[in-house]
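The file work03.cif comes next; it holds mmCIF, C-alpha atoms.
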```
data_my_file
#
loop_
_atom_site.label_atom_id
_atom_site.label_comp_id
_atom_site.auth_asym_id
_atom_site.auth_seq_id
_atom_site.Cartn_x
_atom_site.Cartn_y
_atom_site.Cartn_z
CA MET A 3 50.29 -5.48 -181.36
CA SER A 4 46.66 -6.49 -180.83
CA THR A 5 46.98 -7.63 -177.24
CA ALA A 6 48.49 -6.72 -173.93
CA ALA A 7 49.54 -9.45 -171.52
CA PRO A 8 46.61 -11.46 -170.10
CA ARG A 9 46.19 -11.78 -166.36
CA PRO A 10 48.55 -14.37 -164.80
CA ALA A 11 47.11 -17.82 -164.24
CA ASP A 12 45.71 -18.88 -160.88
CA GLN A 13 44.75 -22.53 -161.05
CA ASP A 14 42.72 -22.45 -157.82
CA HIS A 15 40.73 -19.35 -158.67
CA LEU A 16 37.09 -19.78 -159.76
CA TRP A 17 36.60 -16.95 -162.19
CA SER A 18 33.34 -15.07 -162.47
CA VAL A 19 31.89 -14.32 -165.91
CA ASP A 20 32.66 -10.63 -165.41
CA GLU A 21 36.29 -11.26 -164.38
CA HIS A 22 36.96 -13.43 -167.42
CA LEU A 23 35.32 -10.92 -169.75
CA GLU A 24 37.22 -8.02 -168.20
CA ASP A 25 40.51 -9.87 -168.64
CA ILE A 26 39.72 -10.42 -172.32
CA LEU A 27 38.63 -6.85 -173.01
CA THR A 28 41.57 -5.26 -171.21
CA THR A 29 43.96 -7.53 -173.11
CA VAL A 30 42.61 -7.30 -176.66
CA ARG A 31 43.41 -4.06 -178.50
CA PRO A 32 41.70 -2.53 -181.58
CA LEU A 33 43.43 -3.24 -184.88
CA GLU A 34 45.56 -0.50 -186.41
CA PRO A 35 43.77 1.77 -188.93
CA ILE A 36 44.34 1.41 -192.66
CA GLU A 37 43.18 3.31 -195.76
CA LEU A 38 40.83 1.25 -197.93
CA GLN A 39 38.88 1.64 -201.15
CA LEU A 40 35.17 2.14 -200.46
CA LEU A 41 33.94 -1.35 -201.29
CA ASP A 42 36.81 -2.92 -199.39
CA ALA A 43 35.77 -0.86 -196.35
CA GLN A 44 32.29 -2.39 -196.12
CA GLY A 45 31.69 -3.67 -192.60
CA CYS A 46 34.67 -1.75 -191.21
CA VAL A 47 34.60 0.94 -188.53
CA LEU A 48 35.35 4.52 -189.52
CA VAL A 49 38.34 5.97 -187.67
CA ASP A 50 37.84 9.70 -188.34
CA ASP A 51 34.88 12.03 -188.80
CA VAL A 52 34.18 12.60 -192.51
CA THR A 53 33.44 16.18 -193.60
CA VAL A 54 31.45 16.98 -196.73
CA ALA A 55 33.63 18.51 -199.43
CA VAL A 56 30.86 18.98 -202.03
CA SER A 57 27.26 19.85 -201.19
CA LEU A 58 24.53 17.37 -202.08
CA PRO A 59 22.95 18.06 -204.45
CA PRO A 60 25.82 20.17 -205.83
CA PHE A 61 23.34 22.33 -207.79
CA ASP A 62 19.59 23.01 -207.99
CA ASN A 63 18.08 20.19 -210.05
CA SER A 64 14.74 18.84 -211.15
CA SER A 65 13.04 16.00 -209.30
CA MET A 66 10.70 15.33 -212.24
CA ASP A 67 10.67 14.94 -216.00
CA GLY A 68 8.87 18.04 -217.22
CA TYR A 69 9.41 21.67 -218.17
CA ALA A 70 11.43 24.38 -216.44
CA VAL A 71 9.42 27.61 -216.50
CA ARG A 72 8.88 30.98 -214.85
CA VAL A 73 6.12 31.06 -212.19
CA ALA A 74 4.34 34.05 -213.72
CA ASP A 75 4.05 32.32 -217.10
CA VAL A 76 1.95 29.44 -215.72
CA ALA A 77 -0.10 31.34 -213.11
CA GLY A 78 -3.78 30.56 -213.63
CA ALA A 79 -3.12 27.82 -216.18
CA SER A 80 -5.84 25.18 -216.57
CA GLU A 81 -6.92 22.53 -219.07
CA GLU A 82 -9.56 24.91 -220.41
CA PHE A 83 -7.13 27.84 -220.60
CA PRO A 84 -3.60 26.38 -220.80
CA ALA A 85 -0.48 28.50 -220.76
CA VAL A 86 1.21 28.19 -224.15
CA LEU A 87 5.00 28.49 -223.95
CA GLU A 88 7.84 28.38 -226.47
CA VAL A 89 10.12 25.35 -225.94
CA VAL A 90 13.72 26.57 -226.26
CA GLY A 91 15.45 23.19 -225.96
CA ASP A 92 16.32 20.31 -223.67
CA VAL A 93 18.17 20.24 -220.35
CA ALA A 94 19.50 16.75 -219.66
CA ALA A 95 21.29 15.35 -216.61
CA GLY A 96 25.03 15.95 -216.95
CA GLN A 97 24.60 18.75 -219.47
CA ALA A 98 27.37 21.33 -219.13
CA GLU A 99 25.99 24.36 -221.01
CA LEU A 100 22.53 25.45 -219.87
CA LEU A 101 19.80 27.22 -221.78
CA HIS A 102 18.33 30.48 -220.53
CA VAL A 103 14.58 30.52 -219.93
CA GLY A 104 13.06 33.90 -220.64
CA PRO A 105 9.47 35.21 -220.34
CA GLY A 106 7.02 33.02 -222.21
CA GLN A 107 9.56 30.25 -222.61
CA ALA A 108 10.07 26.71 -221.27
CA ALA A 109 12.94 24.23 -221.36
CA ARG A 110 12.20 20.53 -221.45
CA ILE A 111 14.04 19.13 -218.41
CA MET A 112 14.89 15.64 -217.22
CA THR A 113 15.06 14.29 -213.68
CA GLY A 114 18.38 15.23 -212.08
CA ALA A 115 19.17 17.93 -214.66
CA PRO A 116 20.27 21.40 -213.43
CA LEU A 117 17.58 24.07 -213.20
CA PRO A 118 18.46 26.44 -216.07
CA PRO A 119 19.01 30.18 -215.51
CA GLY A 120 15.81 32.17 -215.61
CA ALA A 121 13.61 29.22 -214.64
CA GLU A 122 11.92 29.33 -211.22
CA THR A 123 10.01 26.07 -211.07
CA VAL A 124 9.34 22.76 -212.81
CA VAL A 125 5.97 21.52 -214.07
CA PRO A 126 5.78 17.71 -214.50
CA VAL A 127 5.20 16.49 -218.03
CA GLU A 128 1.86 15.02 -216.85
CA TRP A 129 0.66 18.63 -216.29
CA THR A 130 1.27 19.41 -219.97
CA ASP A 131 0.41 18.17 -223.43
CA GLY A 132 4.04 17.13 -223.93
CA GLY A 133 4.21 19.45 -226.97
CA LEU A 134 1.76 17.31 -228.90
CA GLY A 135 -1.15 19.76 -228.90
CA GLU A 136 -3.46 17.14 -227.37
CA GLY A 137 -4.64 16.26 -223.85
CA PRO A 138 -2.44 15.60 -220.77
CA ALA A 139 0.71 13.67 -221.63
CA THR A 140 1.72 10.48 -219.88
CA GLY A 141 5.43 10.89 -220.59
CA MET A 142 8.05 12.17 -222.98
CA ARG A 143 9.00 10.60 -226.25
CA ALA A 144 12.65 9.64 -226.58
CA ARG A 145 14.73 12.45 -228.10
CA SER A 146 16.26 10.05 -230.61
CA LEU A 147 12.79 9.15 -231.91
CA ALA A 148 11.25 12.62 -231.75
CA PRO A 149 13.91 15.36 -231.72
CA GLU A 150 11.24 17.93 -232.55
CA GLY A 151 10.05 17.64 -228.93
CA ALA A 152 12.90 19.94 -227.89
CA GLY A 153 11.28 22.78 -229.85
CA GLY A 154 7.88 24.13 -230.77
CA GLU A 155 5.28 24.88 -228.15
CA VAL A 156 3.99 23.21 -224.99
CA GLN A 157 0.65 23.69 -223.29
CA VAL A 158 0.75 23.78 -219.48
CA HIS A 159 -2.51 22.82 -217.77
CA ARG A 160 -1.70 23.61 -214.13
CA PRO A 161 0.14 26.39 -212.26
CA ALA A 162 3.23 25.69 -210.17
CA GLU A 163 4.61 27.45 -207.12
CA ALA A 164 8.17 28.74 -206.98
CA ARG A 165 10.77 25.97 -206.53
CA ALA A 166 8.17 23.21 -207.00
CA HIS A 167 9.80 19.90 -207.98
CA VAL A 168 13.24 21.43 -207.49
CA ARG A 169 15.89 19.80 -205.29
CA ALA A 170 17.81 22.68 -203.75
CA MET A 171 21.61 22.71 -203.72
CA GLY A 172 22.79 21.43 -200.32
CA SER A 173 19.32 20.25 -199.29
CA ASP A 174 20.80 16.83 -198.44
CA VAL A 175 24.12 17.90 -196.91
CA LYS A 176 26.14 21.10 -197.24
CA ALA A 177 29.86 21.50 -197.80
CA GLY A 178 31.54 21.62 -194.38
CA ASP A 179 28.88 19.46 -192.68
CA ARG A 180 29.90 16.26 -190.91
CA ALA A 181 28.77 13.40 -193.10
CA LEU A 182 29.69 10.47 -190.82
CA ARG A 183 31.00 10.19 -187.28
CA ALA A 184 34.08 8.25 -186.27
CA GLY A 185 32.99 4.84 -184.98
CA THR A 186 30.35 4.33 -187.69
CA VAL A 187 30.17 0.85 -189.19
CA LEU A 188 30.19 1.29 -192.95
CA GLY A 189 27.21 -0.38 -194.58
CA PRO A 190 25.76 0.12 -198.09
CA SER A 191 24.06 3.45 -197.30
CA GLN A 192 27.18 4.90 -195.65
CA ILE A 193 29.32 3.83 -198.60
CA ALA A 194 26.78 5.45 -200.94
CA LEU A 195 27.12 8.73 -199.05
CA LEU A 196 30.93 8.59 -199.13
CA ALA A 197 30.86 8.01 -202.89
CA ALA A 198 28.31 10.78 -203.40
CA ILE A 199 30.54 13.34 -201.69
CA GLY A 200 33.54 12.23 -203.73
CA ARG A 201 35.47 10.07 -201.26
CA GLY A 202 37.27 7.24 -203.07
CA THR A 203 39.03 5.87 -199.99
CA VAL A 204 38.42 6.01 -196.27
CA ARG A 205 40.45 5.37 -193.11
CA VAL A 206 39.04 2.47 -191.10
CA ARG A 207 39.94 -0.31 -188.73
CA PRO A 208 39.89 -3.50 -190.80
CA ARG A 209 37.50 -6.33 -190.13
CA PRO A 210 39.25 -8.82 -187.82
CA ARG A 211 40.37 -12.12 -189.32
CA VAL A 212 39.13 -14.92 -187.07
CA VAL A 213 40.22 -18.53 -187.44
CA VAL A 214 37.86 -21.12 -185.96
CA MET A 215 38.79 -24.76 -185.40
CA SER A 216 37.13 -27.60 -183.58
CA THR A 217 38.91 -30.55 -182.01
CA GLY A 218 37.92 -34.17 -181.58
CA SER A 219 38.64 -37.43 -183.34
CA GLU A 220 34.92 -38.20 -183.27
CA LEU A 221 34.04 -35.26 -185.54
CA VAL A 222 33.03 -35.81 -189.16
CA GLN A 223 32.51 -33.23 -191.89
CA PRO A 224 28.76 -32.74 -192.73
CA GLY A 225 27.91 -34.57 -195.92
CA GLU A 226 30.15 -37.53 -195.14
CA ALA A 227 29.03 -40.87 -193.76
CA LEU A 228 29.07 -41.34 -189.98
CA GLY A 229 31.01 -44.23 -188.53
CA SER A 230 30.47 -45.87 -185.16
CA GLY A 231 30.81 -43.35 -182.31
CA GLN A 232 31.12 -40.40 -184.65
CA ILE A 233 29.13 -37.14 -184.82
CA TYR A 234 29.01 -34.28 -187.26
CA ASP A 235 31.13 -31.22 -186.59
CA SER A 236 28.61 -28.43 -185.97
CA ASN A 237 30.63 -26.18 -183.66
CA SER A 238 33.08 -24.92 -186.24
CA PHE A 239 30.19 -24.03 -188.54
CA SER A 240 28.15 -22.24 -185.86
CA LEU A 241 31.15 -20.29 -184.52
CA THR A 242 32.39 -19.31 -187.97
CA ALA A 243 28.91 -18.06 -188.83
CA ALA A 244 28.70 -16.24 -185.48
CA ALA A 245 32.07 -14.58 -186.09
CA ARG A 246 30.92 -13.36 -189.49
CA ASP A 247 27.69 -12.11 -187.96
CA ALA A 248 29.76 -10.16 -185.43
CA GLY A 249 31.60 -8.39 -188.27
CA ALA A 250 34.70 -10.54 -188.73
CA ILE A 251 36.24 -12.20 -191.75
CA ALA A 252 36.09 -15.77 -190.45
CA TYR A 253 37.92 -18.87 -191.65
CA ARG A 254 36.79 -22.34 -190.66
CA VAL A 255 39.42 -25.06 -190.23
CA GLY A 256 38.35 -28.69 -190.49
CA ALA A 257 38.17 -30.64 -187.24
CA VAL A 258 41.55 -31.56 -185.78
CA ALA A 259 42.02 -35.04 -184.30
CA ASP A 260 42.87 -35.57 -180.63
CA ASP A 261 46.61 -35.23 -181.04
CA ALA A 262 48.48 -32.41 -179.31
CA GLU A 263 51.29 -32.08 -181.83
CA THR A 264 48.88 -32.02 -184.77
CA LEU A 265 46.83 -29.34 -183.04
CA ARG A 266 49.85 -27.18 -182.26
CA SER A 267 51.10 -27.51 -185.82
CA THR A 268 47.69 -26.59 -187.23
CA ILE A 269 47.42 -23.53 -184.98
CA GLU A 270 50.92 -22.38 -185.98
CA ASP A 271 50.04 -22.77 -189.66
CA GLN A 272 46.90 -20.65 -189.21
CA LEU A 273 48.53 -17.77 -187.32
CA VAL A 274 49.55 -16.05 -190.55
CA ARG A 275 45.89 -15.21 -191.33
CA ALA A 276 44.55 -14.67 -187.80
CA ASP A 277 43.91 -11.57 -185.72
CA LEU A 278 42.04 -13.84 -183.31
CA MET A 279 41.92 -17.62 -182.92
CA VAL A 280 39.01 -19.62 -181.51
CA THR A 281 39.14 -23.30 -180.65
CA THR A 282 36.28 -25.42 -179.42
CA GLY A 283 36.60 -28.64 -177.44
CA GLY A 284 39.44 -30.17 -175.47
CA VAL A 285 39.50 -27.71 -172.55
CA SER A 286 38.04 -29.79 -169.74
CA VAL A 287 39.71 -32.40 -167.51
CA GLY A 288 39.48 -35.53 -169.66
CA ALA A 289 42.43 -37.66 -170.76
CA TYR A 290 41.88 -36.59 -174.38
CA ASP A 291 41.42 -32.85 -173.86
CA VAL A 292 44.21 -31.98 -176.28
CA VAL A 293 43.77 -28.21 -176.35
CA LYS A 294 44.90 -28.01 -172.74
CA GLU A 295 47.68 -30.49 -173.40
CA ALA A 296 48.89 -28.65 -176.51
CA LEU A 297 48.65 -25.08 -175.27
CA SER A 298 49.06 -25.07 -171.48
CA HIS A 299 52.83 -24.55 -171.78
CA VAL A 300 52.98 -22.85 -175.16
CA GLY A 301 54.43 -19.72 -173.54
CA ASP A 302 57.53 -21.66 -172.51
CA GLU A 303 58.59 -21.73 -176.15
CA ASP A 304 57.09 -18.53 -177.50
CA GLU A 305 58.08 -14.95 -176.77
CA ALA A 306 57.60 -13.57 -173.27
CA GLY A 307 53.99 -12.66 -172.58
CA SER A 308 52.53 -15.49 -174.66
CA GLY A 309 50.65 -18.39 -173.15
CA ILE A 310 47.16 -19.74 -172.64
CA ASP A 311 45.52 -19.75 -169.20
CA PHE A 312 42.89 -22.45 -168.69
CA ARG A 313 40.22 -21.52 -166.15
CA LYS A 314 37.06 -22.62 -164.46
CA LEU A 315 34.22 -20.11 -164.55
CA ALA A 316 31.23 -19.77 -162.25
CA MET A 317 29.01 -20.22 -165.29
CA GLN A 318 26.58 -22.71 -166.81
CA PRO A 319 26.97 -23.71 -169.56
CA GLY A 320 30.62 -22.94 -170.25
CA LYS A 321 32.53 -23.67 -167.05
CA PRO A 322 35.89 -24.60 -168.71
CA GLN A 323 37.49 -21.74 -170.67
CA GLY A 324 40.90 -20.82 -171.99
CA PHE A 325 42.34 -17.44 -172.88
CA GLY A 326 45.73 -15.99 -173.76
CA SER A 327 47.95 -15.25 -176.70
CA ILE A 328 50.12 -17.30 -179.01
CA GLY A 329 52.85 -16.81 -181.58
CA PRO A 330 55.32 -14.00 -182.28
CA ASP A 331 52.56 -11.40 -182.70
CA HIS A 332 50.82 -12.46 -179.48
CA THR A 333 47.65 -13.34 -181.36
CA PRO A 334 44.76 -13.67 -178.88
CA LEU A 335 43.27 -17.15 -178.57
CA LEU A 336 40.02 -18.11 -176.88
CA ALA A 337 39.55 -21.81 -176.14
CA LEU A 338 35.88 -22.69 -175.73
CA PRO A 339 34.17 -25.85 -174.45
CA GLY A 340 33.15 -28.54 -176.93
CA ASN A 341 29.46 -28.98 -176.11
CA PRO A 342 27.48 -27.09 -178.79
CA VAL A 343 25.43 -24.89 -176.48
CA SER A 344 28.41 -24.22 -174.21
CA SER A 345 30.52 -23.11 -177.15
CA TYR A 346 27.80 -20.86 -178.56
CA VAL A 347 26.99 -19.20 -175.24
CA SER A 348 30.72 -18.74 -174.61
CA PHE A 349 31.06 -17.13 -178.02
CA GLU A 350 28.26 -14.66 -177.29
CA MET A 351 29.63 -13.76 -173.87
CA PHE A 352 33.36 -13.58 -174.68
CA VAL A 353 34.34 -13.98 -178.35
CA ARG A 354 31.83 -11.57 -179.85
CA PRO A 355 32.91 -8.72 -177.52
CA ALA A 356 36.55 -9.49 -178.38
CA ILE A 357 35.80 -9.26 -182.12
CA ARG A 358 33.92 -5.99 -181.67
CA THR A 359 36.83 -4.64 -179.62
CA LEU A 360 39.28 -5.52 -182.39
CA MET A 361 37.00 -3.63 -184.78
CA GLY A 362 37.30 -0.52 -182.63
CA LEU A 363 33.63 -0.30 -181.62
CA GLU A 364 32.66 1.40 -178.37
CA ASP A 365 29.62 -0.78 -177.63
CA VAL A 366 30.80 -4.37 -177.97
CA HIS A 367 27.95 -6.20 -176.21
CA ARG A 368 24.62 -7.60 -177.29
CA PRO A 369 21.67 -5.45 -176.15
CA ARG A 370 20.08 -6.45 -172.86
CA THR A 371 16.66 -5.84 -171.40
CA THR A 372 14.36 -7.12 -168.67
CA ALA A 373 11.38 -9.32 -169.39
CA THR A 374 8.64 -11.20 -167.60
CA LEU A 375 9.34 -14.92 -167.40
CA THR A 376 6.64 -17.03 -169.02
CA ALA A 377 7.08 -20.67 -168.03
CA ASP A 378 5.10 -23.70 -166.92
CA LYS A 379 7.20 -24.11 -163.79
CA ALA A 380 9.99 -22.45 -161.87
CA LEU A 381 13.46 -22.39 -163.39
CA THR A 382 16.22 -23.88 -161.28
CA SER A 383 19.85 -22.85 -161.35
CA PRO A 384 22.96 -24.20 -159.62
CA LYS A 385 24.09 -22.15 -156.64
CA GLY A 386 27.10 -19.98 -157.27
CA ARG A 387 26.90 -20.09 -161.07
CA ARG A 388 25.52 -17.60 -163.55
CA GLN A 389 23.23 -19.58 -165.80
CA PHE A 390 22.34 -18.72 -169.39
CA LEU A 391 19.17 -20.40 -170.62
CA ARG A 392 17.89 -20.24 -174.17
CA GLY A 393 14.61 -18.40 -174.69
CA THR A 394 12.30 -16.67 -177.12
CA TYR A 395 11.58 -12.99 -176.46
CA THR A 396 8.36 -11.25 -177.51
CA GLU A 397 7.09 -7.83 -176.40
CA GLY A 398 8.50 -7.82 -172.89
CA GLU A 399 8.04 -11.53 -172.21
CA VAL A 400 10.52 -14.38 -172.47
CA ARG A 401 9.86 -18.12 -172.56
CA PRO A 402 12.50 -20.84 -172.13
CA VAL A 403 13.07 -23.23 -175.01
CA GLY A 404 14.62 -26.65 -174.47
CA GLY A 405 16.27 -27.79 -171.28
CA ALA A 406 19.49 -26.81 -169.58
CA GLY A 407 21.53 -29.52 -171.32
CA SER A 408 24.57 -28.17 -173.16
CA HIS A 409 24.04 -30.57 -176.10
CA LEU A 410 20.54 -29.44 -177.13
CA ILE A 411 21.22 -27.85 -180.52
CA ALA A 412 17.61 -27.95 -181.74
CA ALA A 413 16.47 -25.68 -178.90
CA LEU A 414 19.33 -23.31 -179.64
CA ALA A 415 18.10 -22.96 -183.22
CA GLN A 416 14.74 -21.70 -181.90
CA ALA A 417 16.17 -19.22 -179.41
CA ASP A 418 16.55 -15.49 -180.01
CA ALA A 419 17.53 -14.61 -176.44
CA LEU A 420 19.46 -15.82 -173.42
CA ILE A 421 17.80 -15.74 -170.00
CA VAL A 422 20.33 -14.75 -167.34
CA VAL A 423 19.97 -16.26 -163.87
CA PRO A 424 22.42 -14.63 -161.39
CA GLU A 425 24.86 -16.58 -159.26
CA ASP A 426 22.91 -16.01 -156.03
CA VAL A 427 19.55 -17.18 -157.44
CA GLU A 428 18.60 -20.87 -157.35
CA SER A 429 14.99 -20.62 -158.50
CA VAL A 430 13.02 -18.21 -160.69
CA GLU A 431 9.23 -18.36 -160.54
CA PRO A 432 6.97 -17.74 -163.56
CA GLY A 433 6.02 -14.05 -163.70
CA ALA A 434 9.35 -12.88 -162.27
CA GLU A 435 11.40 -10.17 -163.99
CA VAL A 436 14.59 -11.57 -165.51
CA GLU A 437 17.53 -10.15 -167.42
CA VAL A 438 17.61 -11.09 -171.10
CA VAL A 439 20.40 -10.93 -173.67
CA LEU A 440 18.88 -10.31 -177.11
CA LEU A 441 20.55 -12.36 -179.84
CA GLY A 442 18.60 -11.14 -182.87
#
```
Could the structure of this file be written out as structure tokens, please?
Amino acid sequence: MSTAAPRPADQDHLWSVDEHLEDILTTVRPLEPIELQLLDAQGCVLVDDVTVAVSLPPFDNSSMDGYAVRVADVAGASEEFPAVLEVVGDVAAGQAELLHVGPGQAARIMTGAPLPPGAETVVPVEWTDGGLGEGPATGMRARSLAPEGAGGEVQVHRPAEARAHVRAMGSDVKAGDRALRAGTVLGPSQIALLAAIGRGTVRVRPRPRVVVMSTGSELVQPGEALGSGQIYDSNSFSLTAAARDAGAIAYRVGAVADDAETLRSTIEDQLVRADLMVTTGGVSVGAYDVVKEALSHVGDEDEAGSGIDFRKLAMQPGKPQGFGSIGPDHTPLLALPGNPVSSYVSFEMFVRPAIRTLMGLEDVHRPRTTATLTADKALTSPKGRRQFLRGTYTEGEVRPVGGAGSHLIAALAQADALIVVPEDVESVEPGAEVEVVLLG
């Protein structure tokens, strides 16, 4: 199960932002762990600590193309008086049997190849004549074109200290070390480390599958022609993108018309691929608010514990909200307002933390900070509501962008922060310290 039972409905209760969020986070449960192949685990959260089985590097190896030598044999070497050494062969990366480097000898060695027995250091090929008997070399000739380079003599023009240009065994991580902590989100570099220490699979919590659908007969797919009274459906695109940004595998469903039975049927069809469902629109008090009509009594027909509670929050934008679970697996569903800014702010405050909770992360919230308000005039806020205003944050200062209207999408596109005005504050003067939610 991914959810516990949500708090019982109280139609007269005006919920605070914190109460609504707490109800969501105490209801939603992290997804059960599964074992996945490394590339399938990208973006997932590691369940267990990972211990290194094989040291990195697993052996001493060269960090340069050059010659493996003894320190004493190149001491005092210079271009005027080079050290002349016998080349006993090549040491290539992946080579199983290694040469032995004795006094007065050198082995031509490639980057990543094991340091051969007897050798104490590596001199880069640029410090030698490359076996050509001329001035400093700029590189090695390919073995296939010049096999004689693996023999003969090489002149070394500079001395080298012990272990120079040698990557020591275990200098990255040692066998028995902890490679990654439980709770780590697996990105490209973490997957590279897991592969490097020989892990082919890893135990993780899977990325949540989130289904997003918007409602409204006025909504038209972008790219199609608009008819009279119609607008383009932007909410389902913004919320699907936001869900993916939060770490989910998100599926967008085309806008559903204002028909309760169609909506219920669509939601039921989508449950098979959903760990979380998000709807936008149809949660207010209008005659065509079909989400409320379709889902208010869904628990009467589903298993005990299911049902969607529609609430009013002391919040602007985003006063009407819905939350509960639906279907035989009690899949959590968050019903958001239809105005674009209201839906996006609601997503950031409630849906994103729910997604991060399903992932099994400890810190599920956007980072917050305080900043100095830079504005041309005081900001006003309705009494008794927590207001979230769009803003741009730079080096400890935040400036509002756009107005307070919940339809102003252009201003939302410029914002990288939300300015939080508490419920008991009705005016904020320029220069005041304000709380800021960082969206970037």
| query | What residues come out when you apply the PyMOL selection byres ((chain A and resi 276) around 12) to this file, written as a PyMOL selection string? | reply | chain A and resi 4+33+209-215+250-255+269-275+277-280+327-329+331-335+357+360
| query | At what distance in Å, to one decimal, does atom CA of A:Ala177 lie from atom CA of A:Glu163? | reply |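 Distance between the two atoms: 27.6 Å.
Atom CA of A:Ser191 lies 26.8 Å from atom CA of A:Leu117.
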Show me, as a PDB file with C-alpha atoms, keeping the file's coordinate frame, the residues that have an atom within 7 Å of stretch 391-401 of chain A when counting only C-alpha atoms, minus same-chain residues fewer than 3 positions from it.
```pdb
ATOM      1  CA  ALA A 373      11.380  -9.320-169.390  1.00  0.00           C
ATOM      2  CA  THR A 374       8.640 -11.200-167.600  1.00  0.00           C
ATOM      3  CA  LEU A 375       9.340 -14.920-167.400  1.00  0.00           C
ATOM      4  CA  THR A 376       6.640 -17.030-169.020  1.00  0.00           C
ATOM      5  CA  ALA A 377       7.080 -20.670-168.030  1.00  0.00           C
ATOM      6  CA  ALA A 406      19.490 -26.810-169.580  1.00  0.00           C
ATOM      7  CA  LEU A 414      19.330 -23.310-179.640  1.00  0.00           C
ATOM      8  CA  ALA A 417      16.170 -19.220-179.410  1.00  0.00           C
ATOM      9  CA  ASP A 418      16.550 -15.490-180.010  1.00  0.00           C
ATOM     10  CA  ALA A 419      17.530 -14.610-176.440  1.00  0.00           C
ATOM     11  CA  LEU A 420      19.460 -15.820-173.420  1.00  0.00           C
ATOM     12  CA  ILE A 421      17.800 -15.740-170.000  1.00  0.00           C
ATOM     13  CA  VAL A 422      20.330 -14.750-167.340  1.00  0.00           C
TER      14      VAL A 422
END
```
| request: Could you tell me how far atom CA of A:Pro59 lies from atom CA of A:Val73, in Å and to one decimal? | output: 22.6 Å
| Distance query A:Gln107 at most 10 Å, all atoms listed in the file, self and fewer than 4 positions along chain excluded, as a list in words |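 After dropping sequence-adjacent residues, the list is Tyr69, Ala70, Val71, Arg72, Asp75, Val86, Leu87, Glu88, Val89, Val90, Gly91, His102, Val103, Gly120, Ala121, Glu155 and Val156 of chain A.
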| request: Using the chain letters and numbers from the file, give me the residues hit by the PyMOL selection byres ((chain A and resi 316) around 7), as a PyMOL selection string. | output: chain A and resi 16-19+314-315+317+321+386-388
Shell around stretch 340-343 of chain A at 10 Å using only C-alpha atoms, local window under 2 positions removed, as a PDB file with C-alpha atoms, in the frame of the given file:
```pdb
ATOM      1  CA  SER A 216      37.130 -27.600-183.580  1.00  0.00           C
ATOM      2  CA  THR A 217      38.910 -30.550-182.010  1.00  0.00           C
ATOM      3  CA  GLY A 218      37.920 -34.170-181.580  1.00  0.00           C
ATOM      4  CA  ASP A 235      31.130 -31.220-186.590  1.00  0.00           C
ATOM      5  CA  SER A 236      28.610 -28.430-185.970  1.00  0.00           C
ATOM      6  CA  ASN A 237      30.630 -26.180-183.660  1.00  0.00           C
ATOM      7  CA  SER A 238      33.080 -24.920-186.240  1.00  0.00           C
ATOM      8  CA  SER A 240      28.150 -22.240-185.860  1.00  0.00           C
ATOM      9  CA  LEU A 241      31.150 -20.290-184.520  1.00  0.00           C
ATOM     10  CA  THR A 281      39.140 -23.300-180.650  1.00  0.00           C
ATOM     11  CA  THR A 282      36.280 -25.420-179.420  1.00  0.00           C
ATOM     12  CA  GLY A 283      36.600 -28.640-177.440  1.00  0.00           C
ATOM     13  CA  GLY A 284      39.440 -30.170-175.470  1.00  0.00           C
ATOM     14  CA  VAL A 285      39.500 -27.710-172.550  1.00  0.00           C
ATOM     15  CA  SER A 286      38.040 -29.790-169.740  1.00  0.00           C
ATOM     16  CA  ASP A 291      41.420 -32.850-173.860  1.00  0.00           C
ATOM     17  CA  GLN A 318      26.580 -22.710-166.810  1.00  0.00           C
ATOM     18  CA  PRO A 319      26.970 -23.710-169.560  1.00  0.00           C
ATOM     19  CA  GLY A 320      30.620 -22.940-170.250  1.00  0.00           C
ATOM     20  CA  PRO A 322      35.890 -24.600-168.710  1.00  0.00           C
ATOM     21  CA  ALA A 337      39.550 -21.810-176.140  1.00  0.00           C
ATOM     22  CA  LEU A 338      35.880 -22.690-175.730  1.00  0.00           C
ATOM     23  CA  SER A 345      30.520 -23.110-177.150  1.00  0.00           C
ATOM     24  CA  TYR A 346      27.800 -20.860-178.560  1.00  0.00           C
ATOM     25  CA  VAL A 347      26.990 -19.200-175.240  1.00  0.00           C
ATOM     26  CA  SER A 348      30.720 -18.740-174.610  1.00  0.00           C
ATOM     27  CA  PHE A 349      31.060 -17.130-178.020  1.00  0.00           C
ATOM     28  CA  PHE A 390      22.340 -18.720-169.390  1.00  0.00           C
ATOM     29  CA  LEU A 391      19.170 -20.400-170.620  1.00  0.00           C
ATOM     30  CA  ARG A 392      17.890 -20.240-174.170  1.00  0.00           C
ATOM     31  CA  ALA A 406      19.490 -26.810-169.580  1.00  0.00           C
ATOM     32  CA  GLY A 407      21.530 -29.520-171.320  1.00  0.00           C
ATOM     33  CA  SER A 408      24.570 -28.170-173.160  1.00  0.00           C
ATOM     34  CA  HIS A 409      24.040 -30.570-176.100  1.00  0.00           C
ATOM     35  CA  LEU A 410      20.540 -29.440-177.130  1.00  0.00           C
ATOM     36  CA  ILE A 411      21.220 -27.850-180.520  1.00  0.00           C
ATOM     37  CA  ALA A 412      17.610 -27.950-181.740  1.00  0.00           C
ATOM     38  CA  ALA A 413      16.470 -25.680-178.900  1.00  0.00           C
ATOM     39  CA  LEU A 414      19.330 -23.310-179.640  1.00  0.00           C
TER      40      LEU A 414
END
```
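Nearest to A:Val158 of all the residues A:Gly326, A:Gly137, A:Pro105, A:Gly178 is A:Gly137, based on only C-alpha atoms.
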